[in-house]
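Visitor: Once you've had a glance at the structure underneath, I'll fire off some questions.
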Amino acid sequence: QCVFVGPGWGWDLQGSGAPSTRDPPGAPAPLRLRRWLSAPRLCVVGGGPAGFYTAQHLLKHHDRAQVDIYEKLPVPFGLVRFGVAPDHPEVKNVINTFTQTARSERCSYYGNVAVGKDVTVGELQQAYHAVVLSYGAEDNRVLGIPGENLAGVHSARAFVGWYNGLPENQHLKPDLSCETALVLGHGNVALDVARILLSPLDLLRRTDITASSLAALACSKVKRVWLVGRRGPLQVAFTIKVRPRKRLTELMIKTALEKPAEKTEAAAAREWGLRFQRSPQEVLPTADGTRARGVRMALTRLEVGAPRETFCAVPTGEVEELECGLVLSSIGYRSLPLEPALPFDPQHGVIPNSSGRVLGAPGLYCSGWVKRGPTGVIITTMNDSFDTAQSVLEDLQAGVLDVSAPREGFGAVGSILRSRGVRPVSFSDWEKIDAVEVARGKAAGKPREKIVDPEEMLQVIGH
């Protein structure tokens with residue numbers, strides 16, 4: 001680690017590469033050097049909303065903290081890029097805030113680095129004063145019913161990743177040759193996939209939906225989508241910003257009392273609906289046993305649970321079958337442990353923690369879905385991440401985190417990555433990828449044309 005100390009600033013050659021201007025004019029060089037060396041080196045694992053909000057809070061409330069963000073994909077922003085529906089571009093405006101954070105002189109982004117594979121959490125802990133795990137939920141809950149693995153059955157997570165350009169889902173080939181699709185779940189993701197399946201192509205063409213999925217949807221024969229849930233209308237998981245339950249009830253009553261309006265021919269050709277108090281028992285196979293042809297449902301009734309404001313869906317003994325050729329399971333995401341030795345609660349799919357402090361692992365923290373489970377919207381993740389960042393700041397102030405000994409940060413990690421043949425992607429590299437995507441999108445009349453292959457991303461920046 002080498003620092004040149006000049007008149008009022010220093011330059012970190014192996015760390016963030018950022019000049020420091022935190023010392024008063026005329027401060028003695030030894031003081032400037034000492035202050036730089038005692039600045040906390042902090043690491044965030046995950047370049048999605050939780051990671052960026054955690055970094056933002058740390059940088060805002062500690063004027064000497066250096067924060068490095070590691071992301072396994074070359075491109076940043078996680079679920080904002082790969083989870084938000086293409087027809088909801090306003091939700092993606094938070095990317096502007098994340099970009100400001102990444103451009104801070106005290107923040108560095110390192111994409112294309114898979115923590116747990118390219119570098120271990122233990123190695124990060126040796127290089128940083130604190131490590132925050134913010135890597136989200138990269139798996140989905142399973143139905144656990146017969147027929148779940150038949151062709152024509154997909155997780156909604158994979159379907160969303162397919163139309164949003166998540167590299168791991170680029171080769172998904174959902175069968176859209178059927179007329180009826182069934183979405184199991186009553187959450188925001190369920191609504192998103194239903195809307196994408198039925199949206200007019202002219203609308204989708206003006207979004208950042210991927211070219212390959214748009215081509216597939218152009219040939220789709222799906223004209224009917226049912227969203228099925230175990231409980232009743234007042235227990236759905238859709239989020240409405242203001243007074244959710246009362247507003248949801250009002251909307252349902254209004255819809256029920258409205259006289260049917262005349263529909264255009266195009267609108268009449270497509271429909272969707274909600275089915276309540278039905279629990280999937282089995283995905284039914286076609287005669288040759290290879291594909292899904294429908295789902296057998298158990299009808300349920302609601303019983304008061306504990307606490308009393310909750311309701312449990314109990315089978316009535318009656319069943320029904322819904323015919324469909326496409327089944328999308330939207331019953332929740334699930335986090336996985338980065339490494340076998342790290343604390344993890346497999347039952348709840350979270351890292352055991354207290355206000356973001358990982359239990360039994362001093363200097364290790366967590367934020368976002370891996371901390372609390374895959375619930376809420378972006379504002380929920382923001383508040384959750386700020387809470388974890390505040391715990392880090394409190395531990396710095398209380399001396400729980402010892403910053404008297406300097407840590408090398410990326411200076412050490414970069415050497416490890418080079419020895420393993422891993423080339424990180426910087427934020428300026430991402431901005432080159434971004435520029436290419438925007439240019440390709442402009443040529444097609446879209447906001448951007450996402451690159452879905454990581455190898456192509458790396459080619460764009462000359463890696």
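Chains: A, B, ... in order of the structure tokens. Residues: from 1 per chain. Ligands: from 1, in order shown.
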Could you tell me, as an NGL selection string, which residues of stretch 297-355 of chain A DSSP assigns to strand (DSSP E) when given the backbone?
Guide: :A and (297-304 or 311-323 or 326-329 or 333-334 or 353-354)
Visitor: For A:Gly356, please output as a PDB file with N, CA and C atoms, in the first residue's frame all residues within 12 Å (counting only C-alpha atoms; exclusion window: fewer than 3 positions along the same chain).
Guide:
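After the write, around-v8.pdb holds the following:
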ATOM      1  N   ALA A  50     -29.985  -3.336  -2.323  1.00  0.00           N
ATOM      2  CA  ALA A  50     -29.508  -3.433  -0.934  1.00  0.00           C
ATOM      3  C   ALA A  50     -28.051  -3.015  -0.825  1.00  0.00           C
ATOM      4  N   THR A  54     -26.859   0.419   1.080  1.00  0.00           N
ATOM      5  CA  THR A  54     -25.934   0.270   2.208  1.00  0.00           C
ATOM      6  C   THR A  54     -24.711   1.160   2.012  1.00  0.00           C
ATOM      7  N   VAL A 131     -17.428  -6.423   6.404  1.00  0.00           N
ATOM      8  CA  VAL A 131     -17.991  -6.961   5.161  1.00  0.00           C
ATOM      9  C   VAL A 131     -19.508  -7.047   5.332  1.00  0.00           C
ATOM     10  N   VAL A 132     -20.249  -6.480   4.377  1.00  0.00           N
ATOM     11  CA  VAL A 132     -21.716  -6.523   4.398  1.00  0.00           C
ATOM     12  C   VAL A 132     -22.192  -7.413   3.251  1.00  0.00           C
ATOM     13  N   LEU A 133     -22.943  -8.454   3.579  1.00  0.00           N
ATOM     14  CA  LEU A 133     -23.489  -9.364   2.571  1.00  0.00           C
ATOM     15  C   LEU A 133     -24.859  -8.851   2.131  1.00  0.00           C
ATOM     16  N   SER A 134     -24.982  -8.465   0.875  1.00  0.00           N
ATOM     17  CA  SER A 134     -26.216  -7.867   0.349  1.00  0.00           C
ATOM     18  C   SER A 134     -26.566  -8.486  -1.000  1.00  0.00           C
ATOM     19  N   VAL A 350     -32.526 -17.033   5.312  1.00  0.00           N
ATOM     20  CA  VAL A 350     -31.892 -15.762   5.675  1.00  0.00           C
ATOM     21  C   VAL A 350     -30.625 -16.028   6.479  1.00  0.00           C
ATOM     22  N   ILE A 351     -29.806 -14.987   6.597  1.00  0.00           N
ATOM     23  CA  ILE A 351     -28.637 -15.041   7.469  1.00  0.00           C
ATOM     24  C   ILE A 351     -29.075 -14.605   8.866  1.00  0.00           C
ATOM     25  N   PRO A 352     -28.848 -15.413   9.895  1.00  0.00           N
ATOM     26  CA  PRO A 352     -29.255 -15.017  11.257  1.00  0.00           C
ATOM     27  C   PRO A 352     -28.544 -13.732  11.653  1.00  0.00           C
ATOM     28  N   ASN A 353     -29.316 -12.738  12.114  1.00  0.00           N
ATOM     29  CA  ASN A 353     -28.710 -11.444  12.398  1.00  0.00           C
ATOM     30  C   ASN A 353     -29.508 -10.667  13.422  1.00  0.00           C
ATOM     31  N   LEU A 359     -24.992 -13.044  13.395  1.00  0.00           N
ATOM     32  CA  LEU A 359     -24.784 -13.661  14.701  1.00  0.00           C
ATOM     33  C   LEU A 359     -23.595 -14.611  14.659  1.00  0.00           C
ATOM     34  N   ALA A 361     -20.492 -13.872  14.100  1.00  0.00           N
ATOM     35  CA  ALA A 361     -19.456 -13.539  13.110  1.00  0.00           C
ATOM     36  C   ALA A 361     -19.110 -12.057  13.204  1.00  0.00           C
ATOM     37  N   PRO A 362     -18.283 -11.657  14.152  1.00  0.00           N
ATOM     38  CA  PRO A 362     -17.926 -10.240  14.309  1.00  0.00           C
ATOM     39  C   PRO A 362     -17.334  -9.666  13.026  1.00  0.00           C
ATOM     40  N   GLY A 363     -17.742  -8.452  12.686  1.00  0.00           N
ATOM     41  CA  GLY A 363     -17.241  -7.794  11.486  1.00  0.00           C
ATOM     42  C   GLY A 363     -17.982  -8.167  10.215  1.00  0.00           C
ATOM     43  N   LEU A 364     -18.971  -9.067  10.354  1.00  0.00           N
ATOM     44  CA  LEU A 364     -19.771  -9.483   9.202  1.00  0.00           C
ATOM     45  C   LEU A 364     -21.211  -9.002   9.391  1.00  0.00           C
ATOM     46  N   TYR A 365     -21.785  -8.427   8.322  1.00  0.00           N
ATOM     47  CA  TYR A 365     -23.120  -7.838   8.382  1.00  0.00           C
ATOM     48  C   TYR A 365     -23.924  -8.308   7.180  1.00  0.00           C
ATOM     49  N   CYS A 366     -25.234  -8.043   7.188  1.00  0.00           N
ATOM     50  CA  CYS A 366     -26.063  -8.385   6.034  1.00  0.00           C
ATOM     51  C   CYS A 366     -27.177  -7.365   5.886  1.00  0.00           C
ATOM     52  N   SER A 367     -27.654  -7.195   4.653  1.00  0.00           N
ATOM     53  CA  SER A 367     -28.754  -6.271   4.386  1.00  0.00           C
ATOM     54  C   SER A 367     -29.582  -6.782   3.221  1.00  0.00           C
ATOM     55  N   GLY A 368     -30.810  -6.303   3.112  1.00  0.00           N
ATOM     56  CA  GLY A 368     -31.687  -6.684   2.015  1.00  0.00           C
ATOM     57  C   GLY A 368     -32.375  -8.012   2.235  1.00  0.00           C
ATOM     58  N   TRP A 369     -32.700  -8.678   1.135  1.00  0.00           N
ATOM     59  CA  TRP A 369     -33.470  -9.924   1.218  1.00  0.00           C
ATOM     60  C   TRP A 369     -32.741 -11.017   1.972  1.00  0.00           C
ATOM     61  N   VAL A 370     -31.425 -11.082   1.878  1.00  0.00           N
ATOM     62  CA  VAL A 370     -30.694 -12.132   2.587  1.00  0.00           C
ATOM     63  C   VAL A 370     -30.719 -11.885   4.095  1.00  0.00           C
ATOM     64  N   LYS A 371     -31.102 -10.679   4.482  1.00  0.00           N
ATOM     65  CA  LYS A 371     -31.217 -10.324   5.901  1.00  0.00           C
ATOM     66  C   LYS A 371     -32.622 -10.582   6.441  1.00  0.00           C
ATOM     67  N   ARG A 372     -33.657 -10.178   5.668  1.00  0.00           N
ATOM     68  CA  ARG A 372     -35.026 -10.223   6.193  1.00  0.00           C
ATOM     69  C   ARG A 372     -35.959 -11.154   5.439  1.00  0.00           C
ATOM     70  N   ASN A 383     -34.793   1.198   3.474  1.00  0.00           N
ATOM     71  CA  ASN A 383     -34.824   1.391   4.926  1.00  0.00           C
ATOM     72  C   ASN A 383     -34.075   0.283   5.650  1.00  0.00           C
ATOM     73  N   ASP A 384     -34.226  -0.939   5.163  1.00  0.00           N
ATOM     74  CA  ASP A 384     -33.539  -2.082   5.751  1.00  0.00           C
ATOM     75  C   ASP A 384     -32.016  -1.930   5.629  1.00  0.00           C
ATOM     76  N   SER A 385     -31.576  -1.466   4.454  1.00  0.00           N
ATOM     77  CA  SER A 385     -30.132  -1.317   4.214  1.00  0.00           C
ATOM     78  C   SER A 385     -29.555  -0.172   5.039  1.00  0.00           C
ATOM     79  N   PHE A 386     -30.312   0.906   5.154  1.00  0.00           N
ATOM     80  CA  PHE A 386     -29.878   2.020   6.010  1.00  0.00           C
ATOM     81  C   PHE A 386     -29.716   1.542   7.453  1.00  0.00           C
ATOM     82  N   ASP A 387     -30.609   0.661   7.890  1.00  0.00           N
ATOM     83  CA  ASP A 387     -30.555   0.126   9.260  1.00  0.00           C
ATOM     84  C   ASP A 387     -29.262  -0.661   9.477  1.00  0.00           C
ATOM     85  N   THR A 388     -28.915  -1.513   8.515  1.00  0.00           N
ATOM     86  CA  THR A 388     -27.668  -2.274   8.625  1.00  0.00           C
ATOM     87  C   THR A 388     -26.458  -1.342   8.600  1.00  0.00           C
ATOM     88  N   ALA A 389     -26.454  -0.386   7.673  1.00  0.00           N
ATOM     89  CA  ALA A 389     -25.336   0.558   7.582  1.00  0.00           C
ATOM     90  C   ALA A 389     -25.171   1.322   8.892  1.00  0.00           C
ATOM     91  N   GLN A 390     -26.295   1.645   9.533  1.00  0.00           N
ATOM     92  CA  GLN A 390     -26.223   2.354  10.810  1.00  0.00           C
ATOM     93  C   GLN A 390     -25.573   1.478  11.877  1.00  0.00           C
ATOM     94  N   SER A 391     -25.842   0.177  11.836  1.00  0.00           N
ATOM     95  CA  SER A 391     -25.191  -0.748  12.780  1.00  0.00           C
ATOM     96  C   SER A 391     -23.686  -0.739  12.580  1.00  0.00           C
ATOM     97  N   VAL A 392     -23.243  -0.721  11.320  1.00  0.00           N
ATOM     98  CA  VAL A 392     -21.806  -0.656  11.029  1.00  0.00           C
ATOM     99  C   VAL A 392     -21.218   0.635  11.592  1.00  0.00           C
ATOM    100  N   LEU A 393     -21.911   1.754  11.363  1.00  0.00           N
ATOM    101  CA  LEU A 393     -21.417   3.045  11.850  1.00  0.00           C
ATOM    102  C   LEU A 393     -21.351   3.078  13.372  1.00  0.00           C
ATOM    103  N   GLU A 394     -22.355   2.507  14.022  1.00  0.00           N
ATOM    104  CA  GLU A 394     -22.365   2.458  15.491  1.00  0.00           C
ATOM    105  C   GLU A 394     -21.200   1.622  16.005  1.00  0.00           C
ATOM    106  N   ASP A 395     -20.907   0.512  15.323  1.00  0.00           N
ATOM    107  CA  ASP A 395     -19.802  -0.348  15.753  1.00  0.00           C
ATOM    108  C   ASP A 395     -18.452   0.318  15.507  1.00  0.00           C
TER     109      ASP A 395
END
Visitor: Using only C-alpha atoms, which of the listed residues (A:Glu320, A:Asp208, A:Glu303, A:Glu339) sits closest to A:Ser279?
Guide: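 Under the stated criterion, the closest residue is A:Glu320.
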Visitor: I need the residue nearest A:Thr300 from this list: A:Gly332, A:Gly229, A:Gly161, A:Gly360. Use only C-alpha atoms for the distance.
Guide: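 Residue with the minimum atom-to-atom distance to A:Thr300: A:Gly229.
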Visitor: Taking only residues of stretch 102-144 of chain A that have an atom at most 6 Å from an atom of stretch 412-430 of chain A, what is each one's shortest atom pair and its distance in Å to one decimal, using only C-alpha atoms, in chain and number order, as a Markdown table?
Guide:
| residue | atom | partner | partner_atom | distance |
| --- | --- | --- | --- | --- |
| A:Tyr109 | CA | A:Phe427 | CA | 5.5 |
| A:Tyr110 | CA | A:Ser426 | CA | 5.2 |
| A:Gly111 | CA | A:Val425 | CA | 4.6 |
| A:Asn112 | CA | A:Pro424 | CA | 5.3 |
Visitor: I need the residues from that last selection saved to file as a PDB file, in the first residue's frame (with N, CA, C and O atoms), if you can.
Guide:
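Written file, again.pdb:
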ATOM      1  N   TYR A 109     -16.619   0.089  -7.655  1.00  0.00           N
ATOM      2  CA  TYR A 109     -17.452  -1.043  -8.056  1.00  0.00           C
ATOM      3  C   TYR A 109     -16.589  -2.067  -8.780  1.00  0.00           C
ATOM      4  O   TYR A 109     -15.812  -1.713  -9.675  1.00  0.00           O
ATOM      5  N   TYR A 110     -16.728  -3.325  -8.378  1.00  0.00           N
ATOM      6  CA  TYR A 110     -15.990  -4.409  -9.018  1.00  0.00           C
ATOM      7  C   TYR A 110     -16.968  -5.496  -9.437  1.00  0.00           C
ATOM      8  O   TYR A 110     -17.377  -6.335  -8.621  1.00  0.00           O
ATOM      9  N   GLY A 111     -17.364  -5.461 -10.720  1.00  0.00           N
ATOM     10  CA  GLY A 111     -18.254  -6.479 -11.256  1.00  0.00           C
ATOM     11  C   GLY A 111     -17.471  -7.672 -11.770  1.00  0.00           C
ATOM     12  O   GLY A 111     -16.240  -7.665 -11.810  1.00  0.00           O
ATOM     13  N   ASN A 112     -18.207  -8.724 -12.149  1.00  0.00           N
ATOM     14  CA  ASN A 112     -17.584  -9.939 -12.675  1.00  0.00           C
ATOM     15  C   ASN A 112     -16.745 -10.657 -11.620  1.00  0.00           C
ATOM     16  O   ASN A 112     -15.799 -11.362 -11.948  1.00  0.00           O
TER      17      ASN A 112
END
Visitor: Please identify all polymer residues within 8 Å of A:Pro447, counting only C-alpha atoms, omitting same-chain residues fewer than 5 positions from it, and present them as an mmCIF file with C-alpha atoms, in the first residue's frame.
Guide:
data_model
loop_
_atom_site.group_PDB
_atom_site.id
_atom_site.type_symbol
_atom_site.label_atom_id
_atom_site.label_comp_id
_atom_site.auth_asym_id
_atom_site.auth_seq_id
_atom_site.Cartn_x
_atom_site.Cartn_y
_atom_site.Cartn_z
ATOM 1 C CA ARG A 206 -41.234 0.790 -26.511
ATOM 2 C CA THR A 207 -39.710 -0.790 -23.380
ATOM 3 C CA ASP A 208 -36.323 -2.334 -22.602
ATOM 4 C CA VAL A 438 -28.614 2.688 -25.167
ATOM 5 C CA GLY A 441 -31.976 0.637 -28.207
ATOM 6 C CA LYS A 442 -32.170 4.013 -29.916
#
Visitor: Restricting the calculation to only C-alpha atoms: of A:Gly294, A:Pro146, A:Pro406, A:Pro454, which residue gets closest to A:Lys72?
Guide: A:Pro454
Visitor: Please determine, counting only C-alpha atoms, which residue among A:Asp118, A:Glu148, A:Asp202, A:Glu168 has the shortest atom-to-atom distance to A:Leu184.
Guide: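 Looking only at the distances to A:Leu184, the closest residue turns out to be A:Glu148.
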Visitor: Which residues are near A:Tyr333? Cut-off 10 Å, only C-alpha atoms, ignore same chain within fewer than 3 positions. Put them as a ChimeraX atom specification.
Guide: /A:136-142,155-157,330,349,369,373-375
Visitor: Can you write just those residues out, N, CA and C atoms, as a PDB file, in the first residue's frame?
Guide:
ATOM      1  N   GLY A 136     -28.838 -10.667  -2.024  1.00  0.00           N
ATOM      2  CA  GLY A 136     -30.207 -10.923  -2.448  1.00  0.00           C
ATOM      3  C   GLY A 136     -30.632 -12.375  -2.402  1.00  0.00           C
ATOM      4  N   ALA A 137     -31.657 -12.689  -3.226  1.00  0.00           N
ATOM      5  CA  ALA A 137     -32.237 -14.028  -3.269  1.00  0.00           C
ATOM      6  C   ALA A 137     -32.146 -14.548  -4.694  1.00  0.00           C
ATOM      7  N   GLU A 138     -31.249 -15.486  -4.926  1.00  0.00           N
ATOM      8  CA  GLU A 138     -30.997 -15.945  -6.295  1.00  0.00           C
ATOM      9  C   GLU A 138     -31.599 -17.312  -6.588  1.00  0.00           C
ATOM     10  N   ASP A 139     -32.589 -17.705  -5.787  1.00  0.00           N
ATOM     11  CA  ASP A 139     -33.289 -18.958  -6.038  1.00  0.00           C
ATOM     12  C   ASP A 139     -34.778 -18.711  -5.805  1.00  0.00           C
ATOM     13  N   ASN A 140     -35.604 -19.715  -6.061  1.00  0.00           N
ATOM     14  CA  ASN A 140     -37.035 -19.565  -5.840  1.00  0.00           C
ATOM     15  C   ASN A 140     -37.563 -20.721  -5.003  1.00  0.00           C
ATOM     16  N   ARG A 141     -38.650 -20.478  -4.306  1.00  0.00           N
ATOM     17  CA  ARG A 141     -39.303 -21.537  -3.539  1.00  0.00           C
ATOM     18  C   ARG A 141     -39.964 -22.517  -4.506  1.00  0.00           C
ATOM     19  N   VAL A 142     -40.005 -23.766  -4.110  1.00  0.00           N
ATOM     20  CA  VAL A 142     -40.604 -24.788  -4.972  1.00  0.00           C
ATOM     21  C   VAL A 142     -41.993 -25.145  -4.456  1.00  0.00           C
ATOM     22  N   SER A 155     -40.587 -21.334 -12.955  1.00  0.00           N
ATOM     23  CA  SER A 155     -40.742 -20.357 -11.873  1.00  0.00           C
ATOM     24  C   SER A 155     -40.977 -18.989 -12.497  1.00  0.00           C
ATOM     25  N   ALA A 156     -41.786 -18.183 -11.842  1.00  0.00           N
ATOM     26  CA  ALA A 156     -41.988 -16.814 -12.330  1.00  0.00           C
ATOM     27  C   ALA A 156     -40.670 -16.054 -12.302  1.00  0.00           C
ATOM     28  N   ARG A 157     -39.798 -16.391 -11.361  1.00  0.00           N
ATOM     29  CA  ARG A 157     -38.490 -15.748 -11.281  1.00  0.00           C
ATOM     30  C   ARG A 157     -37.706 -15.953 -12.570  1.00  0.00           C
ATOM     31  N   SER A 330     -45.258 -18.532  -8.801  1.00  0.00           N
ATOM     32  CA  SER A 330     -44.818 -17.253  -8.240  1.00  0.00           C
ATOM     33  C   SER A 330     -45.102 -17.225  -6.745  1.00  0.00           C
ATOM     34  N   GLY A 349     -34.377 -19.140   4.952  1.00  0.00           N
ATOM     35  CA  GLY A 349     -33.641 -18.606   3.819  1.00  0.00           C
ATOM     36  C   GLY A 349     -33.007 -17.257   4.088  1.00  0.00           C
ATOM     37  N   TRP A 369     -32.700  -8.678   1.135  1.00  0.00           N
ATOM     38  CA  TRP A 369     -33.470  -9.924   1.218  1.00  0.00           C
ATOM     39  C   TRP A 369     -32.741 -11.017   1.972  1.00  0.00           C
ATOM     40  N   GLY A 373     -35.508 -11.696   4.295  1.00  0.00           N
ATOM     41  CA  GLY A 373     -36.380 -12.501   3.447  1.00  0.00           C
ATOM     42  C   GLY A 373     -36.875 -11.673   2.275  1.00  0.00           C
ATOM     43  N   PRO A 374     -37.343 -12.334   1.206  1.00  0.00           N
ATOM     44  CA  PRO A 374     -37.714 -11.635  -0.032  1.00  0.00           C
ATOM     45  C   PRO A 374     -39.097 -11.004   0.031  1.00  0.00           C
ATOM     46  N   THR A 375     -39.198  -9.923   0.776  1.00  0.00           N
ATOM     47  CA  THR A 375     -40.485  -9.244   0.933  1.00  0.00           C
ATOM     48  C   THR A 375     -40.313  -7.745   0.722  1.00  0.00           C
TER      49      THR A 375
END
Visitor: Ranking A:Gly144, A:Gly289, A:Gly409, A:Pro315 by minimum distance to A:Glu123 and counting only C-alpha atoms, which one comes first?
Guide: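 The answer is A:Gly409, which sits nearest to A:Glu123.
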Visitor: What's around A:Val314 at 9 Å? Count only C-alpha atoms, leave out sequence neighbours fewer than 3 positions away in its own chain, and write the answer as a PyMOL selection string.
Guide: chain A and resi 230+277+299-303
Visitor: Please run DSSP on the backbone and report, as number ranges by chain, all residues within stretch 205-432 of chain A that come out as alpha helix (DSSP H).
Guide: A: 211-218, 244-257, 265-268, 369-372, 378-398, 410-419, 427-432
Visitor: Smallest atom-to-atom distance to A:Val283: which of A:Val327, A:Ala65, A:Leu401, A:Ala218, using only C-alpha atoms?
Guide: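 Checking each of A:Val327, A:Ala65, A:Leu401, A:Ala218 against A:Val283, counting only C-alpha atoms, the winner is A:Val327.
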Visitor: Find the distance between atom CA of A:Val115 and atom CA of A:Cys43 and write it in Å to one decimal.
Guide: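 That distance, rounded to one decimal, is 11.4 Å.
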Visitor: So which residues touch A:Val319 within 7 Å, counting only C-alpha atoms, skipping near sequence neighbours fewer than 4 positions away, as a compact mmCIF listing (two decimals) with N, CA and C atoms, in the first residue's frame?
Guide:
# COMPACT_ATOMS: atom_id res chain seq x y z
N ARG A 296 -54.47 -29.54 -10.86
CA ARG A 296 -55.56 -29.93 -9.95
C ARG A 296 -55.46 -29.07 -8.70
N MET A 297 -56.57 -28.44 -8.32
CA MET A 297 -56.61 -27.52 -7.19
C MET A 297 -57.48 -28.08 -6.06
N ALA A 298 -57.02 -27.88 -4.84
CA ALA A 298 -57.86 -28.13 -3.67
C ALA A 298 -58.55 -26.82 -3.30
N LEU A 299 -59.87 -26.83 -3.21
CA LEU A 299 -60.59 -25.65 -2.75
C LEU A 299 -60.36 -25.49 -1.25
Visitor: Work out how far apart atom CA of A:Ile331 and atom CA of A:Gly185 are and give it in Å to one decimal.
Guide: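 For atom CA of A:Ile331 relative to atom CA of A:Gly185, the distance reads 5.3 Å.
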Visitor: Separation of atom CA of A:Leu42 and atom CA of A:Val377, in Å?
Guide: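 Between atom CA of A:Leu42 and atom CA of A:Val377 the gap works out to 25.8 Å.
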Visitor: As JSON, numbers by chain, please: the residues near A:Ser213 (cut-off 10 Å, only C-alpha atoms, same-chain neighbours under 2 positions excluded).
Guide: {"A": [159, 162, 163, 164, 165, 170, 172, 173, 174, 209, 210, 211, 215, 216, 217, 218]}
